[in-house]
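Content type mmCIF, C-alpha atoms and all ligand atoms, from the file start-v2.cif:
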```cif
data_entry
loop_
_atom_site.label_atom_id
_atom_site.label_comp_id
_atom_site.auth_asym_id
_atom_site.auth_seq_id
_atom_site.Cartn_x
_atom_site.Cartn_y
_atom_site.Cartn_z
CA MET A 1 103.38 79.00 64.71
CA LEU A 2 99.75 79.89 65.45
CA ASP A 3 98.55 77.00 63.28
CA GLU A 4 100.92 74.58 64.95
CA ILE A 5 99.84 75.60 68.45
CA SER A 6 96.16 75.36 67.38
CA GLU A 7 96.76 71.85 66.10
CA ILE A 8 98.31 70.83 69.42
CA ALA A 9 95.28 72.31 71.25
CA ARG A 10 92.96 70.37 68.94
CA GLN A 11 94.73 67.10 69.71
CA ALA A 12 94.51 67.83 73.45
CA GLY A 13 90.79 68.53 72.92
CA LEU A 14 90.31 65.03 71.52
CA LEU A 15 91.97 63.68 74.64
CA ILE A 16 89.58 65.69 76.87
CA LYS A 17 86.58 64.38 74.99
CA SER A 18 87.77 60.81 75.35
CA CYS A 19 88.02 61.06 79.17
CA SER A 20 85.15 60.79 81.58
CA VAL A 21 85.50 61.44 85.27
CA SER A 22 83.14 61.09 88.19
CA PRO A 23 82.90 63.86 90.82
CA ASN A 24 84.25 61.55 93.54
CA LYS A 25 87.41 60.82 91.51
CA ALA A 26 88.44 64.48 91.63
CA SER A 27 90.66 65.78 94.40
CA GLU A 28 90.47 69.26 95.90
CA LYS A 29 93.51 71.47 95.84
CA GLU A 30 93.94 74.75 97.74
CA GLY A 31 90.34 75.06 98.91
CA LYS A 32 86.68 74.81 98.06
CA GLY A 33 85.68 74.38 94.42
CA ASN A 34 89.27 74.10 93.18
CA PHE A 35 89.53 70.63 91.71
CA VAL A 36 92.11 68.65 89.82
CA THR A 37 91.78 65.26 88.17
CA GLU A 38 94.29 62.78 86.77
CA PHE A 39 93.22 64.10 83.34
CA ASP A 40 94.39 67.67 84.05
CA MET A 41 97.81 66.16 84.73
CA LYS A 42 97.71 63.84 81.73
CA ILE A 43 96.74 66.58 79.28
CA GLN A 44 99.30 68.96 80.74
CA ARG A 45 102.03 66.33 80.19
CA PHE A 46 100.86 65.92 76.58
CA LEU A 47 100.90 69.70 75.98
CA LYS A 48 104.28 70.18 77.61
CA GLU A 49 105.87 67.53 75.41
CA LYS A 50 104.34 68.87 72.16
CA LEU A 51 104.99 72.56 72.92
CA LYS A 52 108.56 71.88 74.05
CA ASP A 53 109.14 70.07 70.72
CA LEU A 54 107.79 73.13 68.91
CA ILE A 55 109.91 75.74 70.78
CA PRO A 56 112.55 73.98 72.89
CA GLU A 57 113.89 77.22 74.37
CA ALA A 58 110.50 78.35 75.72
CA GLU A 59 109.76 77.90 79.44
CA PHE A 60 106.58 76.01 80.27
CA PHE A 61 104.20 77.16 83.00
CA GLY A 62 101.12 75.01 83.47
CA GLU A 63 98.35 75.23 86.04
CA GLU A 64 99.28 71.82 87.39
CA ASN A 65 102.98 72.64 87.98
CA GLY A 66 102.12 73.59 91.52
CA GLU A 67 103.72 77.04 91.23
CA ASP A 68 101.58 80.07 91.95
CA ASP A 69 103.63 82.81 90.32
CA MET A 70 105.75 82.59 87.20
CA ARG A 71 109.32 83.66 86.62
CA PRO A 72 109.80 86.49 84.13
CA CYS A 73 111.52 85.15 80.98
CA ARG A 74 112.03 85.85 77.26
CA LEU A 75 109.77 83.10 75.86
CA ALA A 76 107.21 81.11 77.81
CA PHE A 77 104.15 78.98 77.28
CA VAL A 78 101.43 79.58 79.86
CA VAL A 79 98.98 76.73 79.73
CA ASP A 80 95.78 75.55 81.33
CA PRO A 81 95.27 71.95 80.19
CA ILE A 82 91.61 72.02 81.24
CA ASP A 83 90.07 75.38 82.07
CA GLY A 84 86.67 74.68 83.57
CA THR A 85 87.66 71.61 85.58
CA THR A 86 84.46 71.62 87.64
CA ASN A 87 82.44 71.66 84.40
CA PHE A 88 84.61 68.80 83.11
CA ILE A 89 84.05 66.71 86.23
CA ARG A 90 80.29 67.26 86.05
CA ASP A 91 80.09 66.56 82.30
CA PHE A 92 78.79 70.11 81.74
CA LYS A 93 80.58 70.25 78.38
CA HIS A 94 81.89 73.79 78.74
CA SER A 95 85.67 73.60 79.22
CA CYS A 96 88.68 74.38 77.07
CA ILE A 97 92.41 74.18 76.56
CA SER A 98 94.12 77.52 76.94
CA ILE A 99 97.62 78.14 75.55
CA CYS A 100 99.46 81.45 75.51
CA LEU A 101 102.93 82.14 74.17
CA LEU A 102 104.50 85.06 76.04
CA LYS A 103 107.38 87.03 74.51
CA ASP A 104 109.31 89.13 77.04
CA ASN A 105 106.49 88.54 79.54
CA LEU A 106 103.79 89.90 77.22
CA PRO A 107 101.21 87.74 75.44
CA TYR A 108 102.06 87.21 71.79
CA ILE A 109 99.91 84.23 70.68
CA GLY A 110 96.68 83.02 72.28
CA VAL A 111 94.81 79.81 71.50
CA VAL A 112 91.64 78.71 73.32
CA TYR A 113 89.93 75.54 72.12
CA ASN A 114 86.52 74.24 73.19
CA PRO A 115 86.46 70.62 72.03
CA TYR A 116 82.75 70.15 72.78
CA LEU A 117 81.70 72.71 70.17
CA ASP A 118 84.85 72.36 68.08
CA GLU A 119 85.48 76.10 68.50
CA MET A 120 89.04 77.33 68.06
CA PHE A 121 89.60 80.94 69.20
CA CYS A 122 93.03 82.27 68.32
CA ALA A 123 95.02 85.44 67.81
CA GLN A 124 98.51 86.71 67.29
CA THR A 125 99.43 90.26 68.29
CA LYS A 126 98.71 92.72 65.45
CA ASN A 127 97.06 90.02 63.29
CA GLY A 128 93.43 90.07 64.43
CA ALA A 129 91.36 87.50 66.32
CA TYR A 130 89.64 84.50 64.77
CA LEU A 131 87.08 81.86 65.57
CA ASN A 132 87.50 78.78 63.37
CA GLY A 133 89.28 80.96 60.81
CA ASN A 134 86.65 83.74 60.73
CA PRO A 135 87.47 87.21 62.14
CA ILE A 136 85.75 88.11 65.43
CA ARG A 137 85.02 91.47 67.01
CA VAL A 138 83.68 92.68 70.37
CA SER A 139 80.12 94.04 70.52
CA ASN A 140 79.37 97.75 70.85
CA MET A 141 76.64 97.32 73.50
CA GLY A 142 76.48 99.70 76.43
CA LEU A 143 75.40 98.53 79.88
CA ASN A 144 71.67 98.80 79.22
CA ASN A 145 70.40 95.42 78.06
CA SER A 146 73.91 93.98 78.01
CA LEU A 147 74.84 90.40 78.78
CA ILE A 148 77.38 90.26 81.60
CA SER A 149 79.31 87.18 82.68
CA PHE A 150 81.32 86.76 85.83
CA GLY A 151 83.29 84.21 87.81
CA THR A 152 82.84 83.65 91.53
CA SER A 153 86.43 82.66 92.51
CA PRO A 154 84.87 79.85 94.59
CA TYR A 155 88.27 78.90 96.07
CA TYR A 156 88.68 82.40 97.60
CA ILE A 157 85.56 82.78 99.69
CA ASP A 158 86.73 86.22 100.94
CA LYS A 159 85.97 87.53 97.41
CA ALA A 160 82.30 86.49 97.57
CA ASP A 161 80.81 89.74 98.93
CA LYS A 162 82.63 91.93 96.42
CA THR A 163 81.77 89.56 93.58
CA PHE A 164 78.06 89.49 94.28
CA GLU A 165 77.87 93.24 95.03
CA THR A 166 79.41 93.99 91.64
CA ALA A 167 77.15 91.43 89.96
CA LYS A 168 74.06 92.96 91.63
CA THR A 169 75.02 96.50 90.61
CA LEU A 170 75.45 95.43 86.98
CA PHE A 171 72.35 93.22 86.99
CA LYS A 172 70.14 96.29 87.57
CA TYR A 173 71.13 97.61 84.14
CA ALA A 174 71.95 94.46 82.20
CA ALA A 175 69.58 92.20 80.29
CA ASP A 176 70.95 89.30 82.34
CA LEU A 177 73.99 87.67 83.94
CA ARG A 178 75.85 84.42 83.18
CA ARG A 179 78.25 82.32 85.28
CA CYS A 180 79.66 79.62 82.99
CA GLY A 181 82.68 78.30 84.97
CA CYS A 182 85.45 78.66 82.40
CA ALA A 183 87.37 81.93 82.49
CA ALA A 184 89.24 81.53 79.19
CA LEU A 185 85.98 80.91 77.32
CA ASP A 186 84.30 83.79 79.18
CA ILE A 187 86.99 86.14 77.84
CA CYS A 188 86.70 84.69 74.31
CA TYR A 189 82.91 85.12 74.42
CA VAL A 190 83.44 88.85 75.05
CA ALA A 191 85.92 88.86 72.13
CA ALA A 192 83.31 87.27 69.87
CA GLY A 193 80.54 89.68 70.95
CA ARG A 194 78.49 86.89 72.58
CA CYS A 195 78.81 88.69 75.92
CA ASP A 196 79.60 92.34 76.59
CA LEU A 197 81.68 92.26 79.77
CA TYR A 198 83.20 89.63 82.08
CA PHE A 199 84.77 90.06 85.52
CA GLU A 200 86.31 87.84 88.19
CA TYR A 201 88.15 88.93 91.33
CA THR A 202 90.92 86.28 91.26
CA LEU A 203 92.35 84.52 88.25
CA SER A 204 95.74 83.06 87.41
CA PRO A 205 97.78 83.87 84.27
CA TRP A 206 96.85 80.52 82.63
CA ASP A 207 93.17 81.49 82.98
CA PHE A 208 93.49 84.89 81.28
CA ALA A 209 96.72 85.12 79.24
CA ALA A 210 95.58 83.40 76.02
CA GLY A 211 92.14 85.05 76.19
CA SER A 212 93.73 88.47 76.63
CA VAL A 213 95.50 88.33 73.24
CA ILE A 214 92.28 87.20 71.57
CA LEU A 215 90.21 89.89 73.27
CA LYS A 216 92.63 92.75 72.52
CA GLU A 217 92.92 91.69 68.89
CA ALA A 218 89.11 91.65 68.71
CA GLY A 219 89.00 95.29 69.87
CA GLY A 220 88.37 94.66 73.57
CA ILE A 221 89.92 95.93 76.79
CA ILE A 222 91.29 93.80 79.62
CA ILE A 223 92.58 95.26 82.89
CA THR A 224 93.15 94.40 86.53
CA SER A 225 92.19 96.12 89.81
CA GLY A 226 92.84 99.84 90.01
CA TYR A 227 92.19 99.87 86.22
CA LYS A 228 95.84 98.89 85.68
CA GLU A 229 97.53 96.73 83.01
CA LEU A 230 97.46 93.01 83.75
CA ASP A 231 100.54 91.37 85.23
CA TYR A 232 101.06 88.11 83.34
CA THR A 233 103.23 86.58 86.06
CA LYS A 234 100.75 86.76 88.96
CA LYS A 235 97.20 86.01 90.08
CA CYS A 236 94.95 89.03 89.71
CA ALA A 237 91.44 90.40 89.31
CA VAL A 238 90.27 90.73 85.70
CA VAL A 239 87.72 92.78 83.75
CA ALA A 240 87.35 91.95 80.04
CA SER A 241 85.06 94.23 78.11
CA ASN A 242 84.08 95.98 74.95
CA PRO A 243 85.18 99.67 75.00
CA VAL A 244 81.64 101.09 75.28
CA ILE A 245 80.51 99.23 78.37
CA PHE A 246 83.99 99.58 79.88
CA LYS A 247 83.50 103.34 80.34
CA GLU A 248 80.22 102.79 82.17
CA PHE A 249 81.71 100.02 84.31
CA LYS A 250 84.52 102.37 85.32
CA ASN A 251 82.06 105.02 86.48
CA LEU A 252 80.01 102.52 88.49
CA ILE A 253 82.47 100.07 90.01
CA ASP A 254 85.52 100.70 92.18
CA PHE A 255 87.31 97.65 90.74
P1 LIG A 301 90.04 75.78 86.34
O1 LIG A 301 88.74 75.25 85.98
O2 LIG A 301 91.13 75.52 85.38
O3 LIG A 301 90.43 75.39 87.74
C1 LIG A 301 86.25 79.57 87.80
O4 LIG A 301 85.77 80.70 88.43
C2 LIG A 301 87.48 79.91 86.97
O5 LIG A 301 88.61 80.19 87.82
C3 LIG A 301 87.90 78.75 86.12
O6 LIG A 301 88.39 79.23 84.91
C4 LIG A 301 88.96 78.09 86.97
O7 LIG A 301 89.92 77.37 86.27
C5 LIG A 301 89.65 79.25 87.59
N1 LIG A 301 90.39 78.84 88.81
C6 LIG A 301 90.27 77.68 89.50
N2 LIG A 301 91.08 77.66 90.56
C7 LIG A 301 91.75 78.81 90.57
C8 LIG A 301 92.74 79.41 91.44
N3 LIG A 301 93.19 78.79 92.52
N4 LIG A 301 93.19 80.63 91.13
C9 LIG A 301 92.73 81.29 90.07
N5 LIG A 301 91.79 80.80 89.20
C10 LIG A 301 91.31 79.58 89.45
CA CA A 302 92.66 74.04 84.95
#
```
Please express the file's structure as structure tokens.
Amino acid sequence: MLDEISEIARQAGLLIKSCSVSPNKASEKEGKGNFVTEFDMKIQRFLKEKLKDLIPEAEFFGEENGEDDMRPCRLAFVVDPIDGTTNFIRDFKHSCISICLLKDNLPYIGVVYNPYLDEMFCAQTKNGAYLNGNPIRVSNMGLNNSLISFGTSPYYIDKADKTFETAKTLFKYAADLRRCGCAALDICYVAAGRCDLYFEYTLSPWDFAAGSVILKEAGGIIITSGYKELDYTKKCAVVASNPVIFKEFKNLIDF
């Protein structure tokens, strides 16, 4: 099943690479910095058809369905056809396809594919996490000299003060910060030890569900505000981290 879902993500990746879009062709949805293009829709239609063929009984929740929250159900695909839409529009070449299969509302399989680098991150619960077939693992860096990435939730401007306060607090200890514009890849980069911790104050399940399986299988921790378990049916704040830096983050930040 993991291989079949990866293959579908790879085909969608080819579609992404074959599209080019100009910033003025994108339309804004739900506020500043929250864009959608005809390609998000097109790729979502492609994924829905292929994934429905694979598991007909699974529900399909995609970012472009227009629903904010998801219904609880036994089997569901949670999909972002293009995570990093702003990057896509600007030809930044840092976007991905994110596909999660939830079983009883918990992530079971996660696939995140970056077509620009041909990087396929994937994991199945209890089977480890892989990048292009090679096992990946979180780093064991503490906060000092770490590399921290974060998202700015640009479409929820009320989160800006909190976001930049947290970023500033961490920056004092870290080697540096990154803001790359693609939540699913941010989480996978923590899983692969390329970054040590990532946070964002509002994400949707299609941004974090697939990455969460990959991160947990790579030995990482992912939680929401109040240091609680993620809810895979709702928007929420997210911290994704290696276990070492997580302890320090918890002591410093009232997340
Ligand atoms: P997108 O590119 O698929 O829209 C940017 O900070 C990150 O947040 C991106 O991964 C982006 O995904 C995601 N994002 C965009 N709009 C969002 C929204 N309304 N709610 C939650 N996450 C969103
Ligand atoms: Ca998207």
Task: Test item: residues at most 10 Å from region 9-25 of chain A, all atoms listed in the file, excluding those fewer than 6 positions along its chain, as a VMD selection string - done: chain A and resid 3 35 to 40 42 to 44 46 to 47 50 to 51 81 to 82 86 88 to 91 93 95 to 99 111 to 116 118 to 120
Open item on the list: Report, in Å with one decimal, the straight-line distance from CA of Ala175 (chain A) to CA of Tyr198 (chain A).
Closed with: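 Taking CA of Ala175 (chain A) as the start and CA of Tyr198 (chain A) as the end point, the length is 14.0 Å.
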TODO: Mind giving me the straight-line distance from atom P1 of ligand LIG 301 (chain A) to CA of Thr85 (chain A) in Å, one decimal?
DONE: 4.9 Å
- [ ] Show which residues sit within 12 Å of Thr166 (chain A), as a count of residues only. Count only C-alpha atoms, and ignore same-chain residues fewer than 6 positions away.
- [x] 21
TODO: Can you tell me which residues come within 7 Å of ligand LIG 301 (chain A) when counting all atoms listed in the file, ideally as a ChimeraX atom specification?
DONE: /A:30,34-35,80,82-86,151-155,181-184,202-204,207,235
Open item on the list: At a cut-off of 8 Å, using only C-alpha atoms, what residues contact Leu2 (chain A)? Leave out same-chain residues fewer than 5 positions from it and give the result as a ChimeraX atom specification.
Closed with: /A:109,111,122-124
Next, dump the selected residues to file, keeping only C-alpha atoms, as a PDB file, in the coordinates of the input.
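Generated file (part-v6.pdb):
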```
ATOM      1  CA  ILE A 109      99.910  84.230  70.680  1.00  0.00           C
ATOM      2  CA  VAL A 111      94.810  79.810  71.500  1.00  0.00           C
ATOM      3  CA  CYS A 122      93.030  82.270  68.320  1.00  0.00           C
ATOM      4  CA  ALA A 123      95.020  85.440  67.810  1.00  0.00           C
ATOM      5  CA  GLN A 124      98.510  86.710  67.290  1.00  0.00           C
TER       6      GLN A 124
END
```
Task: Point-to-point distance in Å for CA of Met41 (chain A) and atom CA of ligand CA 302 (chain A) - done: 9.4 Å
Open item on the list: Could you check the closest approach to ligand CA 302 (chain A) for each of A:Glu63, A:Ala129, A:Leu215, A:Ala26 and tell me which residue wins, using all atoms listed in the file?
Closed with: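 That would be A:Glu63, the residue with the smallest distance to ligand CA 302 (chain A).
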TODO: Find, counting all atoms listed in the file, the residue in A:Trp206, A:Thr169, A:Phe246, A:Glu49 that gets nearest to ligand CA 302 (chain A).
DONE: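 Closest to ligand CA 302 (chain A) of all the choices is A:Trp206.
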Task: Which residue of A:Gly142, A:Leu147, A:Glu57, A:Phe208 approaches ligand CA 302 (chain A) most closely, using only C-alpha atoms and all ligand atoms - done: A:Phe208
- [ ] Skip region 229-234 of chain A itself and residues of its chain fewer than 3 positions away, then list as a ChimeraX atom specification all residues within 6 Å of it, counting only C-alpha atoms.
- [x] /A:69-70,205,223-224
- [ ] Counting only C-alpha atoms and all ligand atoms, figure out which residue out of A:Ile5, A:Ala76, A:Gly62, A:Lys48 gets nearest to ligand CA 302 (chain A).
- [x]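 Of the candidates, the smallest distance to ligand CA 302 (chain A) is held by A:Gly62.
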Taking all atoms of region 108-113 of chain A that appear in the file, build a box with edges along x, y and z, extend it by 3 Å on every side, and state its centre and edge lengths in Å to one decimal, as AutoDock Vina command-line options.
```
--center_x 96.0 --center_y 81.4 --center_z 72.0 --size_x 18.1 --size_y 17.7 --size_z 8.6
```
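When the distance limit is 7 Å and all atoms listed in the file are what count, the residues near Cys73 (chain A), minus those fewer than 2 positions from it on the same chain, are Arg71, Leu75, Ala76, Asp104 and Asn105 of chain A.
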- [ ] Compare A:Glu7, A:Phe92, A:Asn251, A:Asn87 by their minimum atom-to-atom distance to ligand CA 302 (chain A), counting only C-alpha atoms and all ligand atoms, and give me the closest one.
- [x] A:Asn87
TODO: Go through A:Glu59, A:Asp186, A:Glu248, A:Glu217 and flag the residue nearest Tyr130 (chain A), using only C-alpha atoms for the distances.
DONE: A:Glu217
Add whatever atoms are absent from region 153-175 of chain A to reach N, CA, C and O atoms, and provide the output as a PDB file, in the frame of the given file.
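Listing of rebuild.pdb after writing:
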```pdb
ATOM      1  N   SER A 153      85.217  83.045  91.754  1.00  0.00           N
ATOM      2  CA  SER A 153      86.430  82.660  92.510  1.00  0.00           C
ATOM      3  C   SER A 153      86.065  81.779  93.699  1.00  0.00           C
ATOM      4  O   SER A 153      86.352  82.141  94.843  1.00  0.00           O
ATOM      5  N   PRO A 154      85.438  80.626  93.478  1.00  0.00           N
ATOM      6  CA  PRO A 154      84.870  79.850  94.590  1.00  0.00           C
ATOM      7  C   PRO A 154      85.900  79.402  95.621  1.00  0.00           C
ATOM      8  O   PRO A 154      85.572  79.150  96.764  1.00  0.00           O
ATOM      9  N   TYR A 155      87.176  79.352  95.203  1.00  0.00           N
ATOM     10  CA  TYR A 155      88.270  78.900  96.070  1.00  0.00           C
ATOM     11  C   TYR A 155      88.806  80.045  96.924  1.00  0.00           C
ATOM     12  O   TYR A 155      89.719  79.859  97.693  1.00  0.00           O
ATOM     13  N   TYR A 156      88.290  81.267  96.731  1.00  0.00           N
ATOM     14  CA  TYR A 156      88.680  82.400  97.600  1.00  0.00           C
ATOM     15  C   TYR A 156      87.387  83.003  98.128  1.00  0.00           C
ATOM     16  O   TYR A 156      86.865  83.986  97.580  1.00  0.00           O
ATOM     17  N   ILE A 157      86.877  82.427  99.191  1.00  0.00           N
ATOM     18  CA  ILE A 157      85.560  82.780  99.690  1.00  0.00           C
ATOM     19  C   ILE A 157      85.501  84.248 100.153  1.00  0.00           C
ATOM     20  O   ILE A 157      84.453  84.878 100.126  1.00  0.00           O
ATOM     21  N   ASP A 158      86.673  84.807 100.519  1.00  0.00           N
ATOM     22  CA  ASP A 158      86.730  86.220 100.940  1.00  0.00           C
ATOM     23  C   ASP A 158      86.358  87.170  99.786  1.00  0.00           C
ATOM     24  O   ASP A 158      86.080  88.344 100.019  1.00  0.00           O
ATOM     25  N   LYS A 159      86.331  86.664  98.559  1.00  0.00           N
ATOM     26  CA  LYS A 159      85.970  87.530  97.410  1.00  0.00           C
ATOM     27  C   LYS A 159      84.457  87.517  97.148  1.00  0.00           C
ATOM     28  O   LYS A 159      83.975  88.254  96.280  1.00  0.00           O
ATOM     29  N   ALA A 160      83.713  86.693  97.901  1.00  0.00           N
ATOM     30  CA  ALA A 160      82.300  86.490  97.570  1.00  0.00           C
ATOM     31  C   ALA A 160      81.469  87.774  97.676  1.00  0.00           C
ATOM     32  O   ALA A 160      80.681  88.083  96.771  1.00  0.00           O
ATOM     33  N   ASP A 161      81.652  88.545  98.769  1.00  0.00           N
ATOM     34  CA  ASP A 161      80.810  89.740  98.930  1.00  0.00           C
ATOM     35  C   ASP A 161      81.030  90.732  97.794  1.00  0.00           C
ATOM     36  O   ASP A 161      80.073  91.212  97.179  1.00  0.00           O
ATOM     37  N   LYS A 162      82.303  90.999  97.515  1.00  0.00           N
ATOM     38  CA  LYS A 162      82.630  91.930  96.420  1.00  0.00           C
ATOM     39  C   LYS A 162      82.055  91.439  95.093  1.00  0.00           C
ATOM     40  O   LYS A 162      81.489  92.203  94.312  1.00  0.00           O
ATOM     41  N   THR A 163      82.227  90.148  94.848  1.00  0.00           N
ATOM     42  CA  THR A 163      81.770  89.560  93.580  1.00  0.00           C
ATOM     43  C   THR A 163      80.276  89.769  93.398  1.00  0.00           C
ATOM     44  O   THR A 163      79.814  90.246  92.347  1.00  0.00           O
ATOM     45  N   PHE A 164      79.509  89.429  94.450  1.00  0.00           N
ATOM     46  CA  PHE A 164      78.060  89.490  94.280  1.00  0.00           C
ATOM     47  C   PHE A 164      77.536  90.930  94.351  1.00  0.00           C
ATOM     48  O   PHE A 164      76.522  91.253  93.744  1.00  0.00           O
ATOM     49  N   GLU A 165      78.249  91.813  95.063  1.00  0.00           N
ATOM     50  CA  GLU A 165      77.870  93.240  95.030  1.00  0.00           C
ATOM     51  C   GLU A 165      78.033  93.799  93.607  1.00  0.00           C
ATOM     52  O   GLU A 165      77.152  94.489  93.093  1.00  0.00           O
ATOM     53  N   THR A 166      79.176  93.511  93.014  1.00  0.00           N
ATOM     54  CA  THR A 166      79.410  93.990  91.640  1.00  0.00           C
ATOM     55  C   THR A 166      78.378  93.392  90.693  1.00  0.00           C
ATOM     56  O   THR A 166      77.806  94.104  89.853  1.00  0.00           O
ATOM     57  N   ALA A 167      78.127  92.091  90.838  1.00  0.00           N
ATOM     58  CA  ALA A 167      77.150  91.430  89.960  1.00  0.00           C
ATOM     59  C   ALA A 167      75.770  92.072  90.133  1.00  0.00           C
ATOM     60  O   ALA A 167      75.070  92.337  89.147  1.00  0.00           O
ATOM     61  N   LYS A 168      75.388  92.380  91.376  1.00  0.00           N
ATOM     62  CA  LYS A 168      74.060  92.960  91.630  1.00  0.00           C
ATOM     63  C   LYS A 168      73.954  94.366  91.021  1.00  0.00           C
ATOM     64  O   LYS A 168      72.942  94.714  90.404  1.00  0.00           O
ATOM     65  N   THR A 169      75.021  95.143  91.177  1.00  0.00           N
ATOM     66  CA  THR A 169      75.020  96.500  90.610  1.00  0.00           C
ATOM     67  C   THR A 169      74.815  96.427  89.086  1.00  0.00           C
ATOM     68  O   THR A 169      73.993  97.160  88.520  1.00  0.00           O
ATOM     69  N   LEU A 170      75.542  95.526  88.443  1.00  0.00           N
ATOM     70  CA  LEU A 170      75.450  95.430  86.980  1.00  0.00           C
ATOM     71  C   LEU A 170      74.112  94.834  86.542  1.00  0.00           C
ATOM     72  O   LEU A 170      73.549  95.237  85.520  1.00  0.00           O
ATOM     73  N   PHE A 171      73.602  93.904  87.330  1.00  0.00           N
ATOM     74  CA  PHE A 171      72.350  93.220  86.990  1.00  0.00           C
ATOM     75  C   PHE A 171      71.179  94.204  86.837  1.00  0.00           C
ATOM     76  O   PHE A 171      70.288  94.006  86.010  1.00  0.00           O
ATOM     77  N   LYS A 172      71.237  95.301  87.626  1.00  0.00           N
ATOM     78  CA  LYS A 172      70.140  96.290  87.570  1.00  0.00           C
ATOM     79  C   LYS A 172      70.028  96.935  86.196  1.00  0.00           C
ATOM     80  O   LYS A 172      68.975  97.401  85.811  1.00  0.00           O
ATOM     81  N   TYR A 173      71.138  96.984  85.477  1.00  0.00           N
ATOM     82  CA  TYR A 173      71.130  97.610  84.140  1.00  0.00           C
ATOM     83  C   TYR A 173      71.087  96.578  83.011  1.00  0.00           C
ATOM     84  O   TYR A 173      70.549  96.818  81.952  1.00  0.00           O
ATOM     85  N   ALA A 174      71.734  95.437  83.271  1.00  0.00           N
ATOM     86  CA  ALA A 174      71.950  94.460  82.200  1.00  0.00           C
ATOM     87  C   ALA A 174      70.665  93.721  81.826  1.00  0.00           C
ATOM     88  O   ALA A 174      69.691  93.736  82.573  1.00  0.00           O
ATOM     89  N   ALA A 175      70.703  93.081  80.648  1.00  0.00           N
ATOM     90  CA  ALA A 175      69.580  92.200  80.290  1.00  0.00           C
ATOM     91  C   ALA A 175      69.616  90.970  81.194  1.00  0.00           C
ATOM     92  O   ALA A 175      68.578  90.511  81.670  1.00  0.00           O
TER      93      ALA A 175
END
```
